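Participant: Next up is a structure, given as structure tokens.
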Amino acid sequence: MALVTDSAVVLRRLDYSETSQIIVLMTRDHGKVRAIAKGIKRGTKKRFATGMDLFDIGTAGINAKEERSESLALLTEWKQTRALSGLREALHRLHGAQYAVEITGGLTEDWDPHPELFDALILALTELADSDEPFESLASYQRRLLESIGSLPRFDACVLCGRLDELTHFSSFEGGMICRTCEPEQAEKHEVSKPTWAALAGRAEPASHVGPFSLMNYHIAHMLGKQPLLAGKLLSGHRRANGTPPDAARP
Ligand SMILES: [Zn+2]
């Protein structure tokens with residue numbers, strides 16, 4: 001038996017039985033953990049007195065048969081330390097937070113610790129809870145997530161020939177930008193506007209964070225093998241509010 005106490009944020013809640021739920025947590029020092037919370041829906045047990053909701057931040061007591069075990073751990077205790085109520089005050093904040101936890105759950109392995117990613121997720125959720133638009137926080141979180149799992153694409157040069165200019169397309173399969181000369185040979189590719197490329201390569205401050213968000217979402221969707229559920233909602237919400245963005249990537 002391994003008893004673990006760790007800071008955690010709730011990524012998902014799934015019904016399991018009439019009284020229990022499976023909670024997917026991102027913990028700071030133990031990575032993603034799937035645990036069953038018995039009796040949580042009765043709401044009478046002291047250990048879950050405050051209840052648990054998506055995006056809640058707290059301290060979790062986890063009892064695992066062994067760490068890294070494939071079987072469900074048991075959530076023995078939950079003490080909420082922060083509630084980001086601002087996330088539920090605007091649709092773009094809620095969708096942004098749902099997107100952040102969705103890609104975190106999808107791209108990380110159970111019991112694979114990434115303390116720096118946990119900190120980045122808490123920062124992103126905290127920023128989103130007080131945000132006017134979600135894309136700046138989400139684009140920097142996407143980057144941190146891809147960095148943490150060792151899959152940050154190369155933006156500064158053509159991944160095929162090393163050329164530094166005329167970088168017009170992005171290939172998720174090749175893991176970065178490709179230039180005008182290499183592009184015709186490439187089957188899987190996505191056209192990238194100059195401002196979006198310049199922002200991703202760190203050469204200019206982006207006028208809009210929608211382009212960088214969309215492009216990294218394209219890469220993330222490729223890695224997940226499916227489009228994140230909330231990406232479409234975020235981008236269509238943005239289009240409703242601002243008209244069509246110049247560079248909306250639709251994988
Ligand atoms: Zn090239």
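All residue names refer to the structure tokens as shown: chains lettered A, B, ... in order, residues numbered from 1 in each chain, ligands numbered from 1 in order.
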Applying 12 Å and only C-alpha atoms, which residues near A:Thr59 remain after dropping the ones on its own chain fewer than 4 positions away? List them as a PyMOL selection string.

Facilitator: chain A and resi 4-10+25-29+47-48+52+75-82

Participant: Extract, using only C-alpha atoms, all DNA, RNA and protein residues at most 10 Å from stretch 127-131 of chain A, discarding same-chain residues fewer than 6 positions from it, and format them as a VMD selection string.

Facilitator: chain A and resid 83 to 90 92 to 97 100 121 137 to 138

Participant: Write out as CSV the residues of chain A that have any atom within 7 Å of an atom of ligand 1, one row each with the nearest atom pair and its distance in Å to one decimal, counting only C-alpha atoms and all ligand atoms, sorted by chain and then rising number.

Facilitator:
residue,atom,partner,partner_atom_place_in_ligand_line,distance
A:Cys158,CA,ligand 1,1 (Zn),4.7
A:Val159,CA,ligand 1,1 (Zn),6.7
A:Leu160,CA,ligand 1,1 (Zn),5.0
A:Cys161,CA,ligand 1,1 (Zn),4.1
A:Gly162,CA,ligand 1,1 (Zn),6.1
A:Arg163,CA,ligand 1,1 (Zn),5.6
A:Ile178,CA,ligand 1,1 (Zn),5.2
A:Cys179,CA,ligand 1,1 (Zn),4.2
A:Arg180,CA,ligand 1,1 (Zn),6.7
A:Thr181,CA,ligand 1,1 (Zn),5.6
A:Cys182,CA,ligand 1,1 (Zn),4.4

Participant: Counting only C-alpha atoms, which residues of stretch 83-184 of chain A fall within 10 Å of stretch 204-222 of chain A, and what is the closest atom pair for each with its distance in Å at one decimal, ordered by chain and rising number, as JSON lines?

Facilitator:
{"residue": "A:Ile103", "atom": "CA", "partner": "A:Ile220", "partner_atom": "CA", "distance": 7.7}
{"residue": "A:Gly106", "atom": "CA", "partner": "A:Ile220", "partner_atom": "CA", "distance": 9.4}
{"residue": "A:Leu107", "atom": "CA", "partner": "A:Ile220", "partner_atom": "CA", "distance": 8.3}
{"residue": "A:Glu133", "atom": "CA", "partner": "A:His209", "partner_atom": "CA", "distance": 9.5}
{"residue": "A:Pro134", "atom": "CA", "partner": "A:His209", "partner_atom": "CA", "distance": 8.9}
{"residue": "A:Phe135", "atom": "CA", "partner": "A:His209", "partner_atom": "CA", "distance": 5.4}
{"residue": "A:Glu136", "atom": "CA", "partner": "A:His209", "partner_atom": "CA", "distance": 5.3}
{"residue": "A:Ser137", "atom": "CA", "partner": "A:His209", "partner_atom": "CA", "distance": 8.9}
{"residue": "A:Leu138", "atom": "CA", "partner": "A:Phe213", "partner_atom": "CA", "distance": 6.9}
{"residue": "A:Ala139", "atom": "CA", "partner": "A:Phe213", "partner_atom": "CA", "distance": 4.8}
{"residue": "A:Ser140", "atom": "CA", "partner": "A:Phe213", "partner_atom": "CA", "distance": 8.4}
{"residue": "A:Tyr141", "atom": "CA", "partner": "A:Phe213", "partner_atom": "CA", "distance": 9.6}
{"residue": "A:Gln142", "atom": "CA", "partner": "A:Met216", "partner_atom": "CA", "distance": 6.8}
{"residue": "A:Arg143", "atom": "CA", "partner": "A:Met216", "partner_atom": "CA", "distance": 7.7}
{"residue": "A:Leu145", "atom": "CA", "partner": "A:Ile220", "partner_atom": "CA", "distance": 9.8}
{"residue": "A:Leu146", "atom": "CA", "partner": "A:Ile220", "partner_atom": "CA", "distance": 8.3}
{"residue": "A:Ser151", "atom": "CA", "partner": "A:Ile220", "partner_atom": "CA", "distance": 9.5}
{"residue": "A:Leu152", "atom": "CA", "partner": "A:Met216", "partner_atom": "CA", "distance": 9.2}
{"residue": "A:Pro153", "atom": "CA", "partner": "A:His219", "partner_atom": "CA", "distance": 8.4}
{"residue": "A:Phe170", "atom": "CA", "partner": "A:Leu215", "partner_atom": "CA", "distance": 8.2}
{"residue": "A:Ser171", "atom": "CA", "partner": "A:His219", "partner_atom": "CA", "distance": 8.1}
{"residue": "A:Ser172", "atom": "CA", "partner": "A:His219", "partner_atom": "CA", "distance": 5.3}
{"residue": "A:Phe173", "atom": "CA", "partner": "A:His222", "partner_atom": "CA", "distance": 8.0}
{"residue": "A:Gly175", "atom": "CA", "partner": "A:His219", "partner_atom": "CA", "distance": 8.4}
{"residue": "A:Gly176", "atom": "CA", "partner": "A:His219", "partner_atom": "CA", "distance": 9.1}

Participant: Report the residues of stretch 60-222 of chain A whose backbone DSSP state falls under strand (DSSP E or B), written as a PyMOL selection string.

Facilitator: chain A and resi 60-64+73-82+110+154+167-171+176-179+190-191

Participant: From stretch 15-184 of chain A, collect each residue whose DSSP state is alpha helix (DSSP H) and return the set as an NGL selection string.

Facilitator: :A and (91-107 or 115-128 or 135-148)

Participant: Restricted to N, CA and C atoms, what would the selected residues look like written as a tab-separated table (two decimals), in the first residue's frame?

Facilitator:
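Writing the result to out.tsv gives the following:
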chain	number	residue	atom	x	y	z
A	91	LEU	N	-18.76	32.27	-20.11
A	91	LEU	CA	-18.65	31.05	-20.91
A	91	LEU	C	-17.23	30.82	-21.42
A	92	HIS	N	-16.54	31.90	-21.87
A	92	HIS	CA	-15.19	31.70	-22.41
A	92	HIS	C	-14.23	31.22	-21.31
A	93	ARG	N	-14.48	31.62	-20.06
A	93	ARG	CA	-13.63	31.15	-18.95
A	93	ARG	C	-13.87	29.68	-18.68
A	94	LEU	N	-15.14	29.31	-18.64
A	94	LEU	CA	-15.50	27.91	-18.38
A	94	LEU	C	-14.95	27.01	-19.49
A	95	HIS	N	-15.18	27.42	-20.74
A	95	HIS	CA	-14.70	26.61	-21.87
A	95	HIS	C	-13.17	26.55	-21.88
A	96	GLY	N	-12.52	27.65	-21.55
A	96	GLY	CA	-11.06	27.69	-21.49
A	96	GLY	C	-10.54	26.72	-20.44
A	97	ALA	N	-11.17	26.73	-19.27
A	97	ALA	CA	-10.74	25.83	-18.19
A	97	ALA	C	-11.00	24.38	-18.57
A	98	GLN	N	-12.15	24.13	-19.20
A	98	GLN	CA	-12.46	22.76	-19.64
A	98	GLN	C	-11.45	22.28	-20.68
A	99	TYR	N	-11.06	23.19	-21.56
A	99	TYR	CA	-10.04	22.85	-22.57
A	99	TYR	C	-8.72	22.51	-21.89
A	100	ALA	N	-8.31	23.34	-20.91
A	100	ALA	CA	-7.02	23.11	-20.24
A	100	ALA	C	-7.00	21.76	-19.53
A	101	VAL	N	-8.07	21.41	-18.83
A	101	VAL	CA	-8.04	20.12	-18.12
A	101	VAL	C	-8.18	18.95	-19.11
A	102	GLU	N	-8.89	19.19	-20.21
A	102	GLU	CA	-9.05	18.12	-21.22
A	102	GLU	C	-7.70	17.75	-21.86
A	103	ILE	N	-6.94	18.76	-22.29
A	103	ILE	CA	-5.67	18.43	-22.95
A	103	ILE	C	-4.66	17.91	-21.93
A	104	THR	N	-4.76	18.36	-20.68
A	104	THR	CA	-3.87	17.85	-19.64
A	104	THR	C	-4.12	16.36	-19.41
A	105	GLY	N	-5.41	16.02	-19.27
A	105	GLY	CA	-5.76	14.61	-19.08
A	105	GLY	C	-5.36	13.75	-20.26
A	106	GLY	N	-5.52	14.31	-21.47
A	106	GLY	CA	-5.28	13.54	-22.68
A	106	GLY	C	-3.81	13.31	-22.99
A	107	LEU	N	-2.96	14.22	-22.57
A	107	LEU	CA	-1.55	14.15	-23.00
A	107	LEU	C	-0.59	13.72	-21.89
A	115	PRO	N	5.78	18.40	-11.84
A	115	PRO	CA	5.43	19.51	-10.92
A	115	PRO	C	5.32	20.86	-11.64
A	116	GLU	N	6.20	21.10	-12.63
A	116	GLU	CA	6.18	22.38	-13.33
A	116	GLU	C	4.90	22.52	-14.16
A	117	LEU	N	4.39	21.40	-14.65
A	117	LEU	CA	3.14	21.43	-15.41
A	117	LEU	C	1.95	21.67	-14.47
A	118	PHE	N	1.98	21.05	-13.31
A	118	PHE	CA	0.93	21.30	-12.31
A	118	PHE	C	0.88	22.79	-11.99
A	119	ASP	N	2.04	23.39	-11.74
A	119	ASP	CA	2.08	24.82	-11.41
A	119	ASP	C	1.56	25.66	-12.58
A	120	ALA	N	1.90	25.27	-13.80
A	120	ALA	CA	1.44	26.01	-14.98
A	120	ALA	C	-0.08	25.88	-15.14
A	121	LEU	N	-0.61	24.72	-14.82
A	121	LEU	CA	-2.07	24.52	-14.92
A	121	LEU	C	-2.80	25.38	-13.89
A	122	ILE	N	-2.29	25.41	-12.67
A	122	ILE	CA	-2.92	26.26	-11.63
A	122	ILE	C	-2.86	27.72	-12.06
A	123	LEU	N	-1.72	28.12	-12.62
A	123	LEU	CA	-1.59	29.51	-13.09
A	123	LEU	C	-2.60	29.80	-14.21
A	124	ALA	N	-2.71	28.89	-15.17
A	124	ALA	CA	-3.64	29.09	-16.29
A	124	ALA	C	-5.08	29.19	-15.78
A	125	LEU	N	-5.47	28.30	-14.88
A	125	LEU	CA	-6.85	28.33	-14.36
A	125	LEU	C	-7.10	29.62	-13.57
A	126	THR	N	-6.09	30.04	-12.81
A	126	THR	CA	-6.22	31.27	-12.03
A	126	THR	C	-6.38	32.47	-12.95
A	127	GLU	N	-5.58	32.52	-14.01
A	127	GLU	CA	-5.69	33.62	-14.99
A	127	GLU	C	-7.05	33.59	-15.70
A	128	LEU	N	-7.45	32.38	-16.11
A	128	LEU	CA	-8.73	32.26	-16.83
A	128	LEU	C	-9.90	32.73	-15.97
A	135	PHE	N	-7.47	33.16	-24.81
A	135	PHE	CA	-6.44	32.59	-25.69
A	135	PHE	C	-5.00	32.85	-25.24
A	136	GLU	N	-4.75	33.96	-24.59
A	136	GLU	CA	-3.37	34.23	-24.15
A	136	GLU	C	-2.95	33.21	-23.10
A	137	SER	N	-3.78	33.01	-22.09
A	137	SER	CA	-3.45	32.03	-21.05
A	137	SER	C	-3.38	30.63	-21.62
A	138	LEU	N	-4.30	30.31	-22.52
A	138	LEU	CA	-4.32	28.95	-23.07
A	138	LEU	C	-3.12	28.69	-23.97
A	139	ALA	N	-2.72	29.69	-24.77
A	139	ALA	CA	-1.58	29.49	-25.66
A	139	ALA	C	-0.31	29.27	-24.84
A	140	SER	N	-0.14	30.03	-23.74
A	140	SER	CA	1.09	29.77	-22.97
A	140	SER	C	0.99	28.45	-22.22
A	141	TYR	N	-0.22	28.05	-21.83
A	141	TYR	CA	-0.35	26.73	-21.19
A	141	TYR	C	-0.10	25.58	-22.19
A	142	GLN	N	-0.62	25.73	-23.40
A	142	GLN	CA	-0.35	24.70	-24.43
A	142	GLN	C	1.15	24.49	-24.58
A	143	ARG	N	1.88	25.60	-24.63
A	143	ARG	CA	3.33	25.53	-24.82
A	143	ARG	C	4.00	24.81	-23.64
A	144	ARG	N	3.56	25.17	-22.42
A	144	ARG	CA	4.15	24.53	-21.23
A	144	ARG	C	3.85	23.03	-21.21
A	145	LEU	N	2.63	22.69	-21.62
A	145	LEU	CA	2.25	21.27	-21.64
A	145	LEU	C	3.09	20.50	-22.66
A	146	LEU	N	3.22	21.06	-23.86
A	146	LEU	CA	4.00	20.39	-24.90
A	146	LEU	C	5.47	20.28	-24.49
A	147	GLU	N	5.98	21.33	-23.84
A	147	GLU	CA	7.35	21.31	-23.32
A	147	GLU	C	7.52	20.19	-22.30
A	148	SER	N	6.58	20.12	-21.35
A	148	SER	CA	6.66	19.15	-20.25
A	148	SER	C	6.70	17.72	-20.76

Participant: Using only C-alpha atoms, pick whichever of A:Ala35, A:Lys65, A:Arg154, A:Leu230 has the shortest atom-to-atom distance to A:Ile23.

Facilitator: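 Of all the options, A:Ala35 lies closest to A:Ile23.
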
Participant: Can you pull out every residue within 8 Å of stretch 201-203 of chain A, counting only C-alpha atoms, but drop anything in the same chain fewer than 4 positions away, and send it as an mmCIF file with N, CA and C atoms, in the first residue's frame?

Facilitator:
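Result saved to part-v6.cif:
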data_model
loop_
_atom_site.group_PDB
_atom_site.id
_atom_site.type_symbol
_atom_site.label_atom_id
_atom_site.label_comp_id
_atom_site.auth_asym_id
_atom_site.auth_seq_id
_atom_site.Cartn_x
_atom_site.Cartn_y
_atom_site.Cartn_z
ATOM 1 N N PHE A 155 9.759 25.934 -34.026
ATOM 2 C CA PHE A 155 9.140 27.043 -34.740
ATOM 3 C C PHE A 155 10.160 27.944 -35.429
ATOM 4 N N ASP A 156 11.459 27.829 -35.075
ATOM 5 C CA ASP A 156 12.433 28.831 -35.519
ATOM 6 C C ASP A 156 13.055 28.514 -36.881
ATOM 7 N N TRP A 197 3.305 32.768 -37.074
ATOM 8 C CA TRP A 197 4.636 32.156 -37.026
ATOM 9 C C TRP A 197 5.594 33.016 -36.193
#

Participant: Which value, in Å to one decimal, gives the distance between atom CA of A:Glu185 and atom CA of A:Leu167?

Facilitator: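 Result for atom CA of A:Glu185 versus atom CA of A:Leu167: 14.3 Å, one decimal.
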
Participant: For atom CA of A:Met223 and atom CA of A:Met177, determine how far apart the two atoms are, in Å to one decimal place.

Facilitator: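 According to the coordinates, atom CA of A:Met223 and atom CA of A:Met177 are separated by 16.2 Å.
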
Participant: Just the number, please: distance in Å from atom CA of A:Ala199 to atom CA of A:Ala187, one decimal.

Facilitator: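 Taking atom CA of A:Ala199 as the start and atom CA of A:Ala187 as the end point, the length is 24.7 Å.
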
Participant: I'd like the contact shell of A:Lys38 - 10 Å cut-off, only C-alpha atoms, skipping same-chain residues fewer than 6 positions apart - returned as a list in words.

Facilitator: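 Listing them by chain and then by number gives Tyr16, Ser17, Glu18, Thr19, Ser20, Gln21, Ile22, Lys45, Phe48, Leu74, Leu75 and Thr76 of chain A.
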
Participant: Could you give me, as a PyMOL selection string, the residues within 9 Å of A:Glu109, counting only C-alpha atoms and dropping anything in the same chain fewer than 5 positions from it?

Facilitator: chain A and resi 31-33
